[in-house]
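The next block is upload_14.cif, given as mmCIF, C-alpha atoms and all ligand atoms.
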```cif
data_run
#
loop_
_atom_site.label_atom_id
_atom_site.label_comp_id
_atom_site.auth_asym_id
_atom_site.auth_seq_id
_atom_site.Cartn_x
_atom_site.Cartn_y
_atom_site.Cartn_z
CA MET A 43 53.02 100.81 17.07
CA THR A 44 53.59 104.54 17.37
CA ALA A 45 52.68 105.91 20.74
CA GLN A 46 50.20 108.69 21.22
CA ILE A 47 51.48 111.57 23.29
CA ILE A 48 49.50 112.47 26.39
CA ASN A 49 49.77 116.24 26.37
CA GLY A 50 49.84 117.26 30.04
CA LYS A 51 50.03 120.93 29.24
CA GLU A 52 46.83 120.76 27.21
CA ILE A 53 44.93 118.67 29.77
CA ALA A 54 46.13 121.01 32.51
CA GLN A 55 44.76 123.98 30.56
CA ALA A 56 41.37 122.30 30.20
CA VAL A 57 41.18 121.54 33.93
CA ARG A 58 42.33 125.09 34.72
CA GLN A 59 39.46 126.48 32.67
CA GLU A 60 37.02 124.70 35.00
CA ILE A 61 38.93 125.90 38.05
CA ARG A 62 38.85 129.47 36.71
CA GLU A 63 35.04 129.34 36.60
CA GLU A 64 34.84 127.99 40.14
CA VAL A 65 37.17 130.72 41.40
CA GLU A 66 34.90 133.27 39.74
CA GLN A 67 31.82 131.79 41.45
CA LEU A 68 33.52 131.82 44.85
CA LYS A 69 34.62 135.41 44.35
CA GLN A 70 31.07 136.43 43.52
CA LYS A 71 30.05 134.93 46.85
CA GLY A 72 32.72 137.02 48.55
CA LEU A 73 35.48 134.47 49.02
CA VAL A 74 38.89 134.60 47.31
CA PRO A 75 40.73 131.23 47.40
CA GLY A 76 44.22 131.69 48.85
CA LEU A 77 47.38 129.59 48.71
CA ALA A 78 50.50 130.12 50.84
CA VAL A 79 53.81 128.64 49.74
CA ILE A 80 56.75 128.52 52.11
CA LEU A 81 60.19 128.23 50.56
CA VAL A 82 63.14 127.63 52.87
CA GLY A 83 66.60 128.22 51.40
CA ASP A 84 67.45 128.97 47.80
CA ASN A 85 67.32 125.63 45.99
CA GLN A 86 67.33 126.51 42.27
CA ALA A 87 64.81 123.86 41.13
CA SER A 88 62.46 124.70 44.02
CA GLN A 89 62.42 128.34 42.93
CA THR A 90 61.26 127.34 39.43
CA TYR A 91 58.36 125.23 40.76
CA VAL A 92 57.39 127.91 43.22
CA ARG A 93 57.34 130.51 40.44
CA ASN A 94 55.09 128.20 38.37
CA LYS A 95 52.69 127.91 41.31
CA GLU A 96 52.54 131.68 41.73
CA LYS A 97 51.92 132.13 37.99
CA ALA A 98 49.10 129.56 38.09
CA CYS A 99 47.46 131.37 41.04
CA ALA A 100 47.67 134.73 39.29
CA ASP A 101 46.33 133.23 36.07
CA LEU A 102 43.32 131.79 37.91
CA GLY A 103 42.59 134.91 39.90
CA MET A 104 43.55 133.30 43.19
CA HIS A 105 45.27 134.98 46.10
CA SER A 106 48.81 133.72 46.73
CA VAL A 107 51.50 134.52 49.23
CA LEU A 108 55.09 133.40 48.98
CA ILE A 109 57.00 133.23 52.23
CA LYS A 110 60.73 133.03 51.63
CA LYS A 111 62.94 132.08 54.55
CA PRO A 112 66.70 131.63 54.86
CA ALA A 113 68.11 128.09 55.08
CA THR A 114 69.18 128.90 58.65
CA LEU A 115 65.54 129.13 59.84
CA SER A 116 64.93 126.91 62.88
CA GLN A 117 62.28 124.19 62.97
CA GLU A 118 60.47 126.09 65.75
CA GLU A 119 60.33 129.29 63.69
CA LEU A 120 58.98 127.38 60.70
CA ILE A 121 56.26 125.77 62.84
CA GLU A 122 55.42 129.24 64.19
CA ASN A 123 54.92 130.46 60.59
CA ILE A 124 52.71 127.47 59.81
CA ASN A 125 50.61 128.07 62.93
CA GLU A 126 49.92 131.63 61.79
CA LEU A 127 48.81 130.41 58.37
CA ASN A 128 46.64 127.70 59.98
CA GLN A 129 44.76 130.55 61.76
CA ASP A 130 44.60 132.87 58.72
CA ASP A 131 41.11 132.89 57.16
CA SER A 132 42.40 134.29 53.85
CA ILE A 133 44.55 131.16 53.35
CA HIS A 134 42.93 127.86 52.27
CA GLY A 135 46.01 125.95 51.22
CA ILE A 136 49.50 125.72 52.75
CA LEU A 137 52.44 124.18 50.93
CA VAL A 138 55.92 123.87 52.38
CA GLN A 139 58.29 123.20 49.50
CA LEU A 140 60.31 119.99 50.00
CA PRO A 141 63.08 119.05 50.51
CA LEU A 142 63.85 121.09 53.63
CA PRO A 143 67.34 121.78 55.07
CA SER A 144 68.62 118.73 56.97
CA HIS A 145 68.29 120.33 60.45
CA ILE A 146 64.50 120.44 59.98
CA ASN A 147 62.39 117.33 60.48
CA GLU A 148 60.08 117.09 57.45
CA GLU A 149 57.57 114.86 59.24
CA ALA A 150 57.16 117.37 62.06
CA ILE A 151 56.58 120.15 59.53
CA ILE A 152 54.02 118.21 57.53
CA GLU A 153 52.14 117.33 60.73
CA ALA A 154 52.12 120.99 61.80
CA ILE A 155 50.00 121.91 58.76
CA SER A 156 46.28 121.74 59.45
CA PRO A 157 44.90 118.70 57.56
CA GLU A 158 42.12 121.07 56.35
CA LYS A 159 44.73 123.21 54.57
CA ASP A 160 47.11 120.42 53.52
CA VAL A 161 46.59 120.86 49.77
CA ASP A 162 49.72 118.76 49.06
CA GLY A 163 47.90 115.79 50.61
CA PHE A 164 51.01 114.84 52.60
CA HIS A 165 49.57 114.96 56.15
CA PRO A 166 49.14 111.48 57.73
CA ILE A 167 45.42 112.26 58.19
CA ASN A 168 44.96 112.82 54.47
CA ILE A 169 47.15 109.83 53.57
CA GLY A 170 45.10 107.62 55.91
CA ARG A 171 41.84 108.95 54.53
CA MET A 172 43.02 108.30 50.99
CA MET A 173 44.00 104.73 51.91
CA THR A 174 40.57 104.00 53.36
CA GLY A 175 38.85 105.61 50.39
CA GLN A 176 37.46 108.55 52.37
CA ARG A 177 37.28 112.11 51.16
CA ALA A 178 40.79 113.58 51.34
CA PHE A 179 43.17 115.96 49.67
CA LEU A 180 44.97 113.74 47.16
CA PRO A 181 48.71 114.22 46.59
CA CYS A 182 48.94 116.43 43.50
CA THR A 183 51.30 114.40 41.31
CA PRO A 184 49.51 111.02 41.63
CA TYR A 185 46.16 112.85 41.38
CA GLY A 186 47.35 114.50 38.15
CA VAL A 187 48.38 111.13 36.71
CA MET A 188 44.90 109.76 37.47
CA VAL A 189 43.33 112.70 35.64
CA MET A 190 45.61 112.08 32.64
CA LEU A 191 44.56 108.41 32.48
CA LYS A 192 40.93 109.46 32.77
CA HIS A 193 41.46 111.93 29.94
CA ILE A 194 42.49 109.14 27.54
CA ASN A 195 39.52 107.06 28.80
CA TYR A 196 41.85 104.38 30.12
CA ASP A 197 39.96 101.76 32.13
CA LEU A 198 42.25 100.67 34.98
CA GLU A 199 40.04 97.85 36.24
CA GLY A 200 42.05 94.62 36.35
CA LYS A 201 45.05 96.20 34.64
CA HIS A 202 48.54 95.49 35.92
CA VAL A 203 50.29 98.72 36.85
CA VAL A 204 53.94 98.76 37.84
CA VAL A 205 54.96 101.81 39.86
CA VAL A 206 58.71 102.33 39.86
CA GLY A 207 59.55 104.35 42.98
CA ARG A 208 58.02 104.30 46.47
CA SER A 209 58.54 107.77 47.92
CA ASN A 210 55.90 109.10 50.32
CA ILE A 211 55.05 111.96 47.97
CA VAL A 212 54.85 110.16 44.63
CA GLY A 213 55.29 106.38 44.34
CA LYS A 214 53.40 105.16 47.41
CA PRO A 215 50.27 107.31 47.01
CA MET A 216 50.34 106.64 43.25
CA GLY A 217 50.00 102.91 43.86
CA GLN A 218 47.22 103.49 46.37
CA LEU A 219 45.12 105.59 43.98
CA LEU A 220 45.58 102.97 41.25
CA LEU A 221 44.53 100.25 43.70
CA ASN A 222 41.46 102.30 44.61
CA ALA A 223 40.67 102.31 40.87
CA ASN A 224 40.80 98.48 40.86
CA ALA A 225 44.15 98.03 39.16
CA THR A 226 46.57 95.29 40.24
CA VAL A 227 49.61 97.15 41.54
CA THR A 228 53.27 96.20 41.80
CA TYR A 229 55.84 98.50 43.40
CA CYS A 230 59.47 98.42 42.29
CA HIS A 231 62.30 100.32 44.00
CA SER A 232 66.05 100.42 44.40
CA LYS A 233 66.14 96.97 46.06
CA THR A 234 64.07 95.31 43.35
CA LYS A 235 65.91 92.45 41.70
CA ASP A 236 65.36 92.35 37.94
CA LEU A 237 63.29 95.46 37.30
CA THR A 238 62.71 94.42 33.69
CA TYR A 239 61.03 91.18 34.78
CA PHE A 240 58.28 93.25 36.43
CA THR A 241 57.99 96.17 34.02
CA LYS A 242 57.69 93.78 31.04
CA GLN A 243 54.41 92.53 32.53
CA ALA A 244 52.92 95.98 32.98
CA ASP A 245 49.93 97.33 31.10
CA VAL A 246 50.84 100.70 32.62
CA ILE A 247 54.22 101.84 33.97
CA VAL A 248 54.59 104.88 36.20
CA ALA A 249 58.24 105.90 36.51
CA ALA A 250 58.99 108.06 39.58
CA VAL A 251 62.67 107.44 40.24
CA GLY A 252 64.72 110.56 39.54
CA ARG A 253 67.21 108.92 37.17
CA ARG A 254 67.06 109.37 33.43
CA ASN A 255 66.82 106.43 31.01
CA THR A 256 65.59 104.15 33.81
CA ILE A 257 62.87 102.88 31.47
CA THR A 258 63.78 102.01 27.87
CA SER A 259 62.01 99.99 25.16
CA GLU A 260 63.69 96.89 26.63
CA HIS A 261 61.68 97.37 29.83
CA ILE A 262 58.20 97.49 28.34
CA LYS A 263 55.78 95.24 26.54
CA GLU A 264 54.19 96.19 23.21
CA GLY A 265 51.30 98.60 23.71
CA ALA A 266 52.11 99.63 27.29
CA VAL A 267 51.07 103.02 28.67
CA VAL A 268 54.15 104.83 29.97
CA ILE A 269 53.78 107.67 32.48
CA ASP A 270 56.96 109.61 33.21
CA VAL A 271 56.99 111.51 36.50
CA GLY A 272 60.75 112.06 36.64
CA ILE A 273 62.27 115.52 36.36
CA ASN A 274 65.98 115.33 35.61
CA ARG A 275 68.58 117.18 33.59
CA ASN A 276 70.79 115.60 30.95
CA GLU A 277 74.45 116.51 30.45
CA GLU A 278 73.44 119.51 28.33
CA GLY A 279 71.26 120.75 31.17
CA LYS A 280 68.06 119.94 29.29
CA LEU A 281 65.00 118.80 31.25
CA CYS A 282 64.26 115.08 30.86
CA GLY A 283 62.26 112.39 32.59
CA ASP A 284 63.04 108.85 33.80
CA VAL A 285 61.98 107.33 30.50
CA ASP A 286 64.02 107.13 27.30
CA TYR A 287 61.22 108.88 25.47
CA GLU A 288 62.41 108.47 21.86
CA ASP A 289 63.18 104.81 22.45
CA VAL A 290 59.76 103.80 23.86
CA LEU A 291 57.75 105.77 21.25
CA SER A 292 57.71 102.88 18.77
CA LYS A 293 56.57 100.31 21.32
CA ALA A 294 54.22 102.07 23.76
CA SER A 295 50.58 102.94 23.10
CA TYR A 296 50.74 106.18 25.11
CA VAL A 297 53.64 108.17 26.55
CA THR A 298 53.85 111.37 28.60
CA PRO A 299 56.58 113.85 27.62
CA VAL A 300 58.92 115.77 29.94
CA PRO A 301 58.51 118.70 30.04
CA GLY A 302 54.81 119.17 29.28
CA GLY A 303 53.55 115.95 30.85
CA VAL A 304 52.96 115.24 34.53
CA GLY A 305 54.58 118.49 35.78
CA PRO A 306 51.86 120.89 34.62
CA MET A 307 49.22 118.48 35.99
CA THR A 308 50.84 118.61 39.45
CA ILE A 309 50.48 122.38 39.59
CA THR A 310 46.90 122.20 38.33
CA MET A 311 45.82 119.65 40.93
CA LEU A 312 47.33 121.89 43.61
CA MET A 313 45.03 124.66 42.39
CA GLN A 314 42.13 122.17 42.36
CA ASN A 315 42.80 121.15 45.98
CA THR A 316 43.05 124.79 47.00
CA ILE A 317 39.66 125.75 45.57
CA GLU A 318 38.11 122.64 47.12
CA SER A 319 39.47 123.77 50.47
CA ALA A 320 38.09 127.27 49.86
CA GLN A 321 34.70 125.80 48.95
CA ARG A 322 34.63 123.87 52.22
CA ALA A 323 35.59 126.99 54.15
CA TYR A 324 32.72 128.79 52.45
CA ASN A 325 30.26 126.01 53.37
CA VAL A 326 31.44 126.06 56.98
CA ARG A 327 31.00 129.83 57.09
CA GLN A 328 27.48 129.55 55.65
CA SER A 329 26.33 126.91 58.12
CA ALA A 330 27.80 128.94 60.99
CA LEU A 331 25.73 131.95 59.85
CA LYS A 332 22.57 129.84 59.87
CA CYS A 333 22.74 128.95 63.56
N1 LIG A 401 56.44 115.82 37.66
C1 LIG A 401 56.19 116.20 38.90
O1 LIG A 401 55.23 116.90 39.15
C2 LIG A 401 57.05 115.72 40.00
C3 LIG A 401 58.23 115.12 39.67
N2 LIG A 401 59.05 114.63 40.65
C4 LIG A 401 60.24 113.93 40.18
O2 LIG A 401 59.97 112.53 40.24
C5 LIG A 401 61.15 111.81 40.57
C6 LIG A 401 60.90 111.02 41.84
O3 LIG A 401 60.64 111.90 42.91
P1 LIG A 401 60.55 111.38 44.43
O4 LIG A 401 59.58 110.27 44.49
O5 LIG A 401 60.39 112.56 45.29
O6 LIG A 401 62.05 110.81 44.58
P2 LIG A 401 62.75 109.98 45.76
O7 LIG A 401 64.20 110.13 45.53
O8 LIG A 401 62.16 110.34 47.06
O9 LIG A 401 62.34 108.46 45.42
C7 LIG A 401 62.86 107.77 44.35
C8 LIG A 401 62.38 106.34 44.35
O10 LIG A 401 63.00 105.64 43.25
C9 LIG A 401 63.57 104.43 43.73
N3 LIG A 401 64.74 104.09 42.92
C10 LIG A 401 65.96 104.69 42.93
N4 LIG A 401 66.77 104.10 42.05
C11 LIG A 401 66.08 103.10 41.48
C12 LIG A 401 66.39 102.12 40.51
N5 LIG A 401 67.59 102.07 39.95
N6 LIG A 401 65.43 101.24 40.16
C13 LIG A 401 64.19 101.29 40.72
N7 LIG A 401 63.85 102.21 41.65
C14 LIG A 401 64.78 103.10 42.02
C15 LIG A 401 63.91 104.67 45.18
O11 LIG A 401 63.95 103.43 45.86
P3 LIG A 401 64.24 103.32 47.48
O12 LIG A 401 62.92 103.65 48.11
O13 LIG A 401 64.62 101.91 47.66
O14 LIG A 401 65.31 104.31 47.78
C16 LIG A 401 62.75 105.57 45.61
O15 LIG A 401 61.65 104.81 46.04
C17 LIG A 401 62.24 112.88 40.66
O16 LIG A 401 62.85 113.01 39.41
C18 LIG A 401 61.46 114.14 41.00
O17 LIG A 401 62.16 115.30 40.58
C19 LIG A 401 58.68 114.68 41.96
C20 LIG A 401 57.52 115.28 42.35
C21 LIG A 401 56.63 115.89 41.39
N1 LIG A 402 55.64 120.35 49.14
C1 LIG A 402 55.95 120.04 47.88
N2 LIG A 402 54.98 119.77 46.99
C2 LIG A 402 55.28 119.45 45.69
O1 LIG A 402 54.37 119.20 44.87
C3 LIG A 402 56.65 119.43 45.29
C4 LIG A 402 57.63 119.72 46.27
N3 LIG A 402 57.25 120.00 47.55
N4 LIG A 402 58.94 119.69 45.93
C5 LIG A 402 59.38 119.47 44.58
C6 LIG A 402 58.41 118.62 43.78
C7 LIG A 402 58.56 118.75 42.28
N5 LIG A 402 57.34 119.33 41.81
C8 LIG A 402 57.10 119.77 40.50
C9 LIG A 402 56.07 120.61 40.18
C10 LIG A 402 55.89 121.10 38.90
C11 LIG A 402 56.76 120.77 37.89
C12 LIG A 402 56.58 121.37 36.55
O2 LIG A 402 55.80 122.29 36.36
N6 LIG A 402 57.29 120.90 35.53
C13 LIG A 402 57.26 121.45 34.18
C14 LIG A 402 58.56 122.13 33.79
C15 LIG A 402 59.21 122.97 34.87
C16 LIG A 402 60.57 123.51 34.44
O3 LIG A 402 60.65 124.15 33.38
O4 LIG A 402 61.55 123.27 35.19
C17 LIG A 402 57.04 120.31 33.20
O5 LIG A 402 57.34 119.15 33.55
O6 LIG A 402 56.61 120.59 32.10
C18 LIG A 402 57.78 119.91 38.19
C19 LIG A 402 57.95 119.40 39.46
C20 LIG A 402 56.51 119.55 42.87
N7 LIG A 402 57.06 119.14 44.00
MG MG A 403 62.12 112.75 48.37
#
```
Encoded form (structure tokens):
Amino acid sequence: MTAQIINGKEIAQAVRQEIREEVEQLKQKGLVPGLAVILVGDNQASQTYVRNKEKACADLGMHSVLIKKPATLSQEELIENINELNQDDSIHGILVQLPLPSHINEEAIIEAISPEKDVDGFHPINIGRMMTGQRAFLPCTPYGVMVMLKHINYDLEGKHVVVVGRSNIVGKPMGQLLLNANATVTYCHSKTKDLTYFTKQADVIVAAVGRRNTITSEHIKEGAVVIDVGINRNEEGKLCGDVDYEDVLSKASYVTPVPGGVGPMTITMLMQNTIESAQRAYNVRQSALKC
């Protein structure tokens, strides 16, 4: 078997076209969707992602503000900044780039963001709503993976999906969304004994580990769908995922590349969440005008 490539860049462009039209409609009604990104410190990788987010906003005609703060910023000052954005009617989405410097408690920061503007989908309110199947902002990376699977018309019902990684921002919500779609889900992590035993049984593998070559052809069964969330660099400094891409190509049915796979989808779903938030703000404003 030769795997088909799931082109994240292309799917992201298609979704962005729809978002562009919705932004246009909102603008005609007098509302410009706005995203605020807070970047603390000067982490090199973070700067790249943040630049991509700004580019996406500009490309879609959305308003964006980038708030850059020194790594010495206190937790109280950061919460003060978030409070201002929570009150700001021109801002519909707030994203605080993670990781934060170690003197800042990430949980406290995430909880300071209004759940109505938490377009990352990291606030416990949104996580809880997602778990119970209520309307919620979905975490962008897992959401993007779901859209990719939908794009190839993959029916998850009854399929065995193995998620490798259990972080709060990727692995855990990924498994939950797959469960909501009626898949049978197994989580693997650093304490898993015999990773291959589990991944060999998977119809779909989602790798979200942060270590290259974690998944090779030895780990998968013939015809598996392999989704690579990892963003790593090899010894030449080249971007690569968690999957040995070349090696699984001859055995998998579908594979996502890195770059050009899940990454562009993450940014796109952030834009999607932001316009949804703006749409809700518009609806609230309209119903307030009526009474
Ligand atoms: N494409 C995109 O849009 C995005 C990509 N990323 C990338 O995805 C990767 C994962 O990110 P994130 O979830 O934040 O990372 P974390 O470091 O927070 O989590 C990594 C997870 O992998 C598990 N793990 C570590 N080593 C192994 C191993 N040898 N076998 C099995 N599991 C292992 C850890 O287990 P344990 O819990 O036991 O420690 C943990 O659950 C990174 O490369 C990151 O850069 C992240 C966000 C978005
Ligand atoms: N609050 C918060 N929300 C996040 O969503 C968040 C975060 N913090 N911290 C860091 C991770 C990582 N992340 C990526 C986003 C886009 C690409 C992306 O666009 N990747 C391109 C290539 C980018 C490049 O050239 O380096 C690709 O895979 O093709 C990658 C990774 C979001 N994250
Ligand atoms: Mg982490």
With 9 Å as the cut-off and only C-alpha atoms and all ligand atoms counted, what is the closest atom pair between each nearby residue of chain A and ligand LIG 401 (chain A)? Distances in Å to one decimal, ordered by chain and number, as JSON lines.
```
{"residue": "A:Ala87", "atom": "CA", "partner": "A:LIG401", "partner_atom": "O17", "distance": 9.0}
{"residue": "A:Leu140", "atom": "CA", "partner": "A:LIG401", "partner_atom": "O5", "distance": 8.8}
{"residue": "A:Pro141", "atom": "CA", "partner": "A:LIG401", "partner_atom": "O5", "distance": 8.8}
{"residue": "A:Cys182", "atom": "CA", "partner": "A:LIG401", "partner_atom": "O1", "distance": 7.7}
{"residue": "A:Thr183", "atom": "CA", "partner": "A:LIG401", "partner_atom": "O1", "distance": 5.1}
{"residue": "A:Pro184", "atom": "CA", "partner": "A:LIG401", "partner_atom": "O1", "distance": 8.6}
{"residue": "A:Gly186", "atom": "CA", "partner": "A:LIG401", "partner_atom": "O1", "distance": 8.3}
{"residue": "A:Val206", "atom": "CA", "partner": "A:LIG401", "partner_atom": "N7", "distance": 5.4}
{"residue": "A:Gly207", "atom": "CA", "partner": "A:LIG401", "partner_atom": "O10", "distance": 3.7}
{"residue": "A:Arg208", "atom": "CA", "partner": "A:LIG401", "partner_atom": "O15", "distance": 3.7}
{"residue": "A:Ser209", "atom": "CA", "partner": "A:LIG401", "partner_atom": "O4", "distance": 4.4}
{"residue": "A:Asn210", "atom": "CA", "partner": "A:LIG401", "partner_atom": "O4", "distance": 7.0}
{"residue": "A:Ile211", "atom": "CA", "partner": "A:LIG401", "partner_atom": "O4", "distance": 6.0}
{"residue": "A:Val212", "atom": "CA", "partner": "A:LIG401", "partner_atom": "O4", "distance": 4.7}
{"residue": "A:Gly213", "atom": "CA", "partner": "A:LIG401", "partner_atom": "O4", "distance": 5.8}
{"residue": "A:Lys214", "atom": "CA", "partner": "A:LIG401", "partner_atom": "O15", "distance": 8.4}
{"residue": "A:Tyr229", "atom": "CA", "partner": "A:LIG401", "partner_atom": "O15", "distance": 9.0}
{"residue": "A:Cys230", "atom": "CA", "partner": "A:LIG401", "partner_atom": "C13", "distance": 5.7}
{"residue": "A:His231", "atom": "CA", "partner": "A:LIG401", "partner_atom": "N7", "distance": 3.4}
{"residue": "A:Ser232", "atom": "CA", "partner": "A:LIG401", "partner_atom": "C14", "distance": 3.8}
{"residue": "A:Lys233", "atom": "CA", "partner": "A:LIG401", "partner_atom": "O13", "distance": 5.4}
{"residue": "A:Thr234", "atom": "CA", "partner": "A:LIG401", "partner_atom": "C13", "distance": 6.5}
{"residue": "A:Lys235", "atom": "CA", "partner": "A:LIG401", "partner_atom": "N6", "distance": 8.9}
{"residue": "A:Leu237", "atom": "CA", "partner": "A:LIG401", "partner_atom": "N6", "distance": 6.8}
{"residue": "A:Ala249", "atom": "CA", "partner": "A:LIG401", "partner_atom": "C5", "distance": 7.7}
{"residue": "A:Ala250", "atom": "CA", "partner": "A:LIG401", "partner_atom": "C6", "distance": 4.2}
{"residue": "A:Val251", "atom": "CA", "partner": "A:LIG401", "partner_atom": "O10", "distance": 3.5}
{"residue": "A:Gly252", "atom": "CA", "partner": "A:LIG401", "partner_atom": "O16", "distance": 3.1}
{"residue": "A:Arg253", "atom": "CA", "partner": "A:LIG401", "partner_atom": "O16", "distance": 6.4}
{"residue": "A:Arg254", "atom": "CA", "partner": "A:LIG401", "partner_atom": "O16", "distance": 8.2}
{"residue": "A:Thr256", "atom": "CA", "partner": "A:LIG401", "partner_atom": "N5", "distance": 6.8}
{"residue": "A:Asp270", "atom": "CA", "partner": "A:LIG401", "partner_atom": "N1", "distance": 7.7}
{"residue": "A:Val271", "atom": "CA", "partner": "A:LIG401", "partner_atom": "N1", "distance": 4.5}
{"residue": "A:Gly272", "atom": "CA", "partner": "A:LIG401", "partner_atom": "O16", "distance": 3.6}
{"residue": "A:Ile273", "atom": "CA", "partner": "A:LIG401", "partner_atom": "O16", "distance": 4.0}
{"residue": "A:Asn274", "atom": "CA", "partner": "A:LIG401", "partner_atom": "O16", "distance": 5.4}
{"residue": "A:Cys282", "atom": "CA", "partner": "A:LIG401", "partner_atom": "O16", "distance": 8.9}
{"residue": "A:Gly283", "atom": "CA", "partner": "A:LIG401", "partner_atom": "O16", "distance": 6.9}
{"residue": "A:Asp284", "atom": "CA", "partner": "A:LIG401", "partner_atom": "O16", "distance": 7.0}
{"residue": "A:Val300", "atom": "CA", "partner": "A:LIG401", "partner_atom": "N1", "distance": 8.1}
{"residue": "A:Pro301", "atom": "CA", "partner": "A:LIG401", "partner_atom": "N1", "distance": 8.4}
{"residue": "A:Gly303", "atom": "CA", "partner": "A:LIG401", "partner_atom": "N1", "distance": 7.4}
{"residue": "A:Val304", "atom": "CA", "partner": "A:LIG401", "partner_atom": "N1", "distance": 4.7}
{"residue": "A:Gly305", "atom": "CA", "partner": "A:LIG401", "partner_atom": "N1", "distance": 3.8}
{"residue": "A:Pro306", "atom": "CA", "partner": "A:LIG401", "partner_atom": "O1", "distance": 6.9}
{"residue": "A:Met307", "atom": "CA", "partner": "A:LIG401", "partner_atom": "O1", "distance": 7.0}
{"residue": "A:Thr308", "atom": "CA", "partner": "A:LIG401", "partner_atom": "O1", "distance": 4.7}
{"residue": "A:Ile309", "atom": "CA", "partner": "A:LIG401", "partner_atom": "O1", "distance": 7.3}
```
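Reported to one decimal place, the separation of CA of Ala323 in chain A from CA of Leu81 in chain A is 24.9 Å.
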(request) Fewer than 3 positions away in the same chain doesn't count, so skip those; otherwise give me all residues within 10 Å of range 117-120 of chain A, counting all atoms listed in the file, as a PyMOL selection string. (result) chain A and resi 80+82+111+114+123-125+138+142-143+145-148+150-151+154
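Taking CA of Asp84 in chain A as the reference point, CA of Lys110 in chain A is found at 8.7 Å.
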(message) When you look at Gln129 in chain A with a cut-off of 12 Å (counting all atoms listed in the file), what residues show up, excluding the ones that are within fewer than 6 positions of it in the same chain? I need them as a ChimeraX atom specification.
(response) /A:122-123,135-136,155-156,158-159
(request) Considering only C-alpha atoms, return as JSON, numbers by chain whatever protein or nucleic-acid residues lie within 10 Å of Asn224 in chain A, sequence-local ones (same chain, fewer than 6 positions apart) excluded. (result) {"A": [197, 198, 199, 200, 201, 202, 218]}
(message) Ranking A:Leu331, A:Ala98, A:Ala320, A:Ile262 by minimum distance to Pro75 in chain A and counting only C-alpha atoms, which one comes first?
(response) A:Ala320
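Using only C-alpha atoms, the shortest contact distance between Tyr287 in chain A and any of A:Gln176, A:Asn255, A:Ser88, A:Gln67 is found at A:Asn255.
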(message) Report as an MDAnalysis selection string all protein, DNA and RNA residues lying within 9 Å of Glu264 in chain A, evaluated on only C-alpha atoms, omitting residues in the same chain fewer than 5 positions from it.
(response) chainID A and resid 43 242 259 292:295
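Atom pair atom C19 of ligand LIG 402 (chain A) / CA of Leu221 in chain A has a distance of 23.8 Å (rounded to one decimal).
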(request) With a distance cut-off of 9 Å and all atoms listed in the file, select the neighbouring residues of Ala244 in chain A, excluding the residue or stretch itself and same-chain residues fewer than 3 positions from it, and output the selection as a PyMOL selection string. (result) chain A and resi 201-204+228+240-241+247+262-263+266-267
Store the residues of this selection in a file with C-alpha atoms, as a PDB file, keeping the file's coordinate frame.
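The resulting file, again18.pdb, is reproduced below:
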```
ATOM      1  CA  LYS A 201      45.050  96.200  34.640  1.00  0.00           C
ATOM      2  CA  HIS A 202      48.540  95.490  35.920  1.00  0.00           C
ATOM      3  CA  VAL A 203      50.290  98.720  36.850  1.00  0.00           C
ATOM      4  CA  VAL A 204      53.940  98.760  37.840  1.00  0.00           C
ATOM      5  CA  THR A 228      53.270  96.200  41.800  1.00  0.00           C
ATOM      6  CA  PHE A 240      58.280  93.250  36.430  1.00  0.00           C
ATOM      7  CA  THR A 241      57.990  96.170  34.020  1.00  0.00           C
ATOM      8  CA  ILE A 247      54.220 101.840  33.970  1.00  0.00           C
ATOM      9  CA  ILE A 262      58.200  97.490  28.340  1.00  0.00           C
ATOM     10  CA  LYS A 263      55.780  95.240  26.540  1.00  0.00           C
ATOM     11  CA  ALA A 266      52.110  99.630  27.290  1.00  0.00           C
ATOM     12  CA  VAL A 267      51.070 103.020  28.670  1.00  0.00           C
TER      13      VAL A 267
END
```
(message) Restricting the calculation to all atoms listed in the file: of A:Ile317, A:Met172, A:Ala78, A:Leu115, which residue gets closest to ligand LIG 402 (chain A)?
(response) A:Ala78
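Residue nearest ligand MG 403 (chain A), chosen from A:Tyr185, A:Gly72, A:Gln139, A:Asp160 and counting all atoms listed in the file: A:Gln139.
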(message) Using only C-alpha atoms, can you tell me which of A:Ile47, A:Val161, A:Val248, A:Leu191 comes closest to Thr310 in chain A?
(response) A:Val161
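Taking only C-alpha atoms into account, Leu137 in chain A lies nearest to A:Pro181 out of the set A:Pro181, A:Pro299, A:Gly103, A:Gly279.
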Please return, as a short mmCIF file (atom, residue, chain, number, x, y, z; two decimals) with C-alpha atoms, in the coordinates of the input, all polymer residues that have at least one atom within 9 Å of the point (45.3, 105.4, 51.2); use only C-alpha atoms and the file's own coordinate frame.
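The result, written out as result-v8.cif:
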```cif
data_model
loop_
_atom_site.label_atom_id
_atom_site.label_comp_id
_atom_site.auth_asym_id
_atom_site.auth_seq_id
_atom_site.Cartn_x
_atom_site.Cartn_y
_atom_site.Cartn_z
CA ASN A 168 44.96 112.82 54.47
CA ILE A 169 47.15 109.83 53.57
CA GLY A 170 45.10 107.62 55.91
CA ARG A 171 41.84 108.95 54.53
CA MET A 172 43.02 108.30 50.99
CA MET A 173 44.00 104.73 51.91
CA THR A 174 40.57 104.00 53.36
CA GLY A 175 38.85 105.61 50.39
CA GLN A 176 37.46 108.55 52.37
CA LYS A 214 53.40 105.16 47.41
CA PRO A 215 50.27 107.31 47.01
CA GLN A 218 47.22 103.49 46.37
CA LEU A 219 45.12 105.59 43.98
CA ASN A 222 41.46 102.30 44.61
#
```
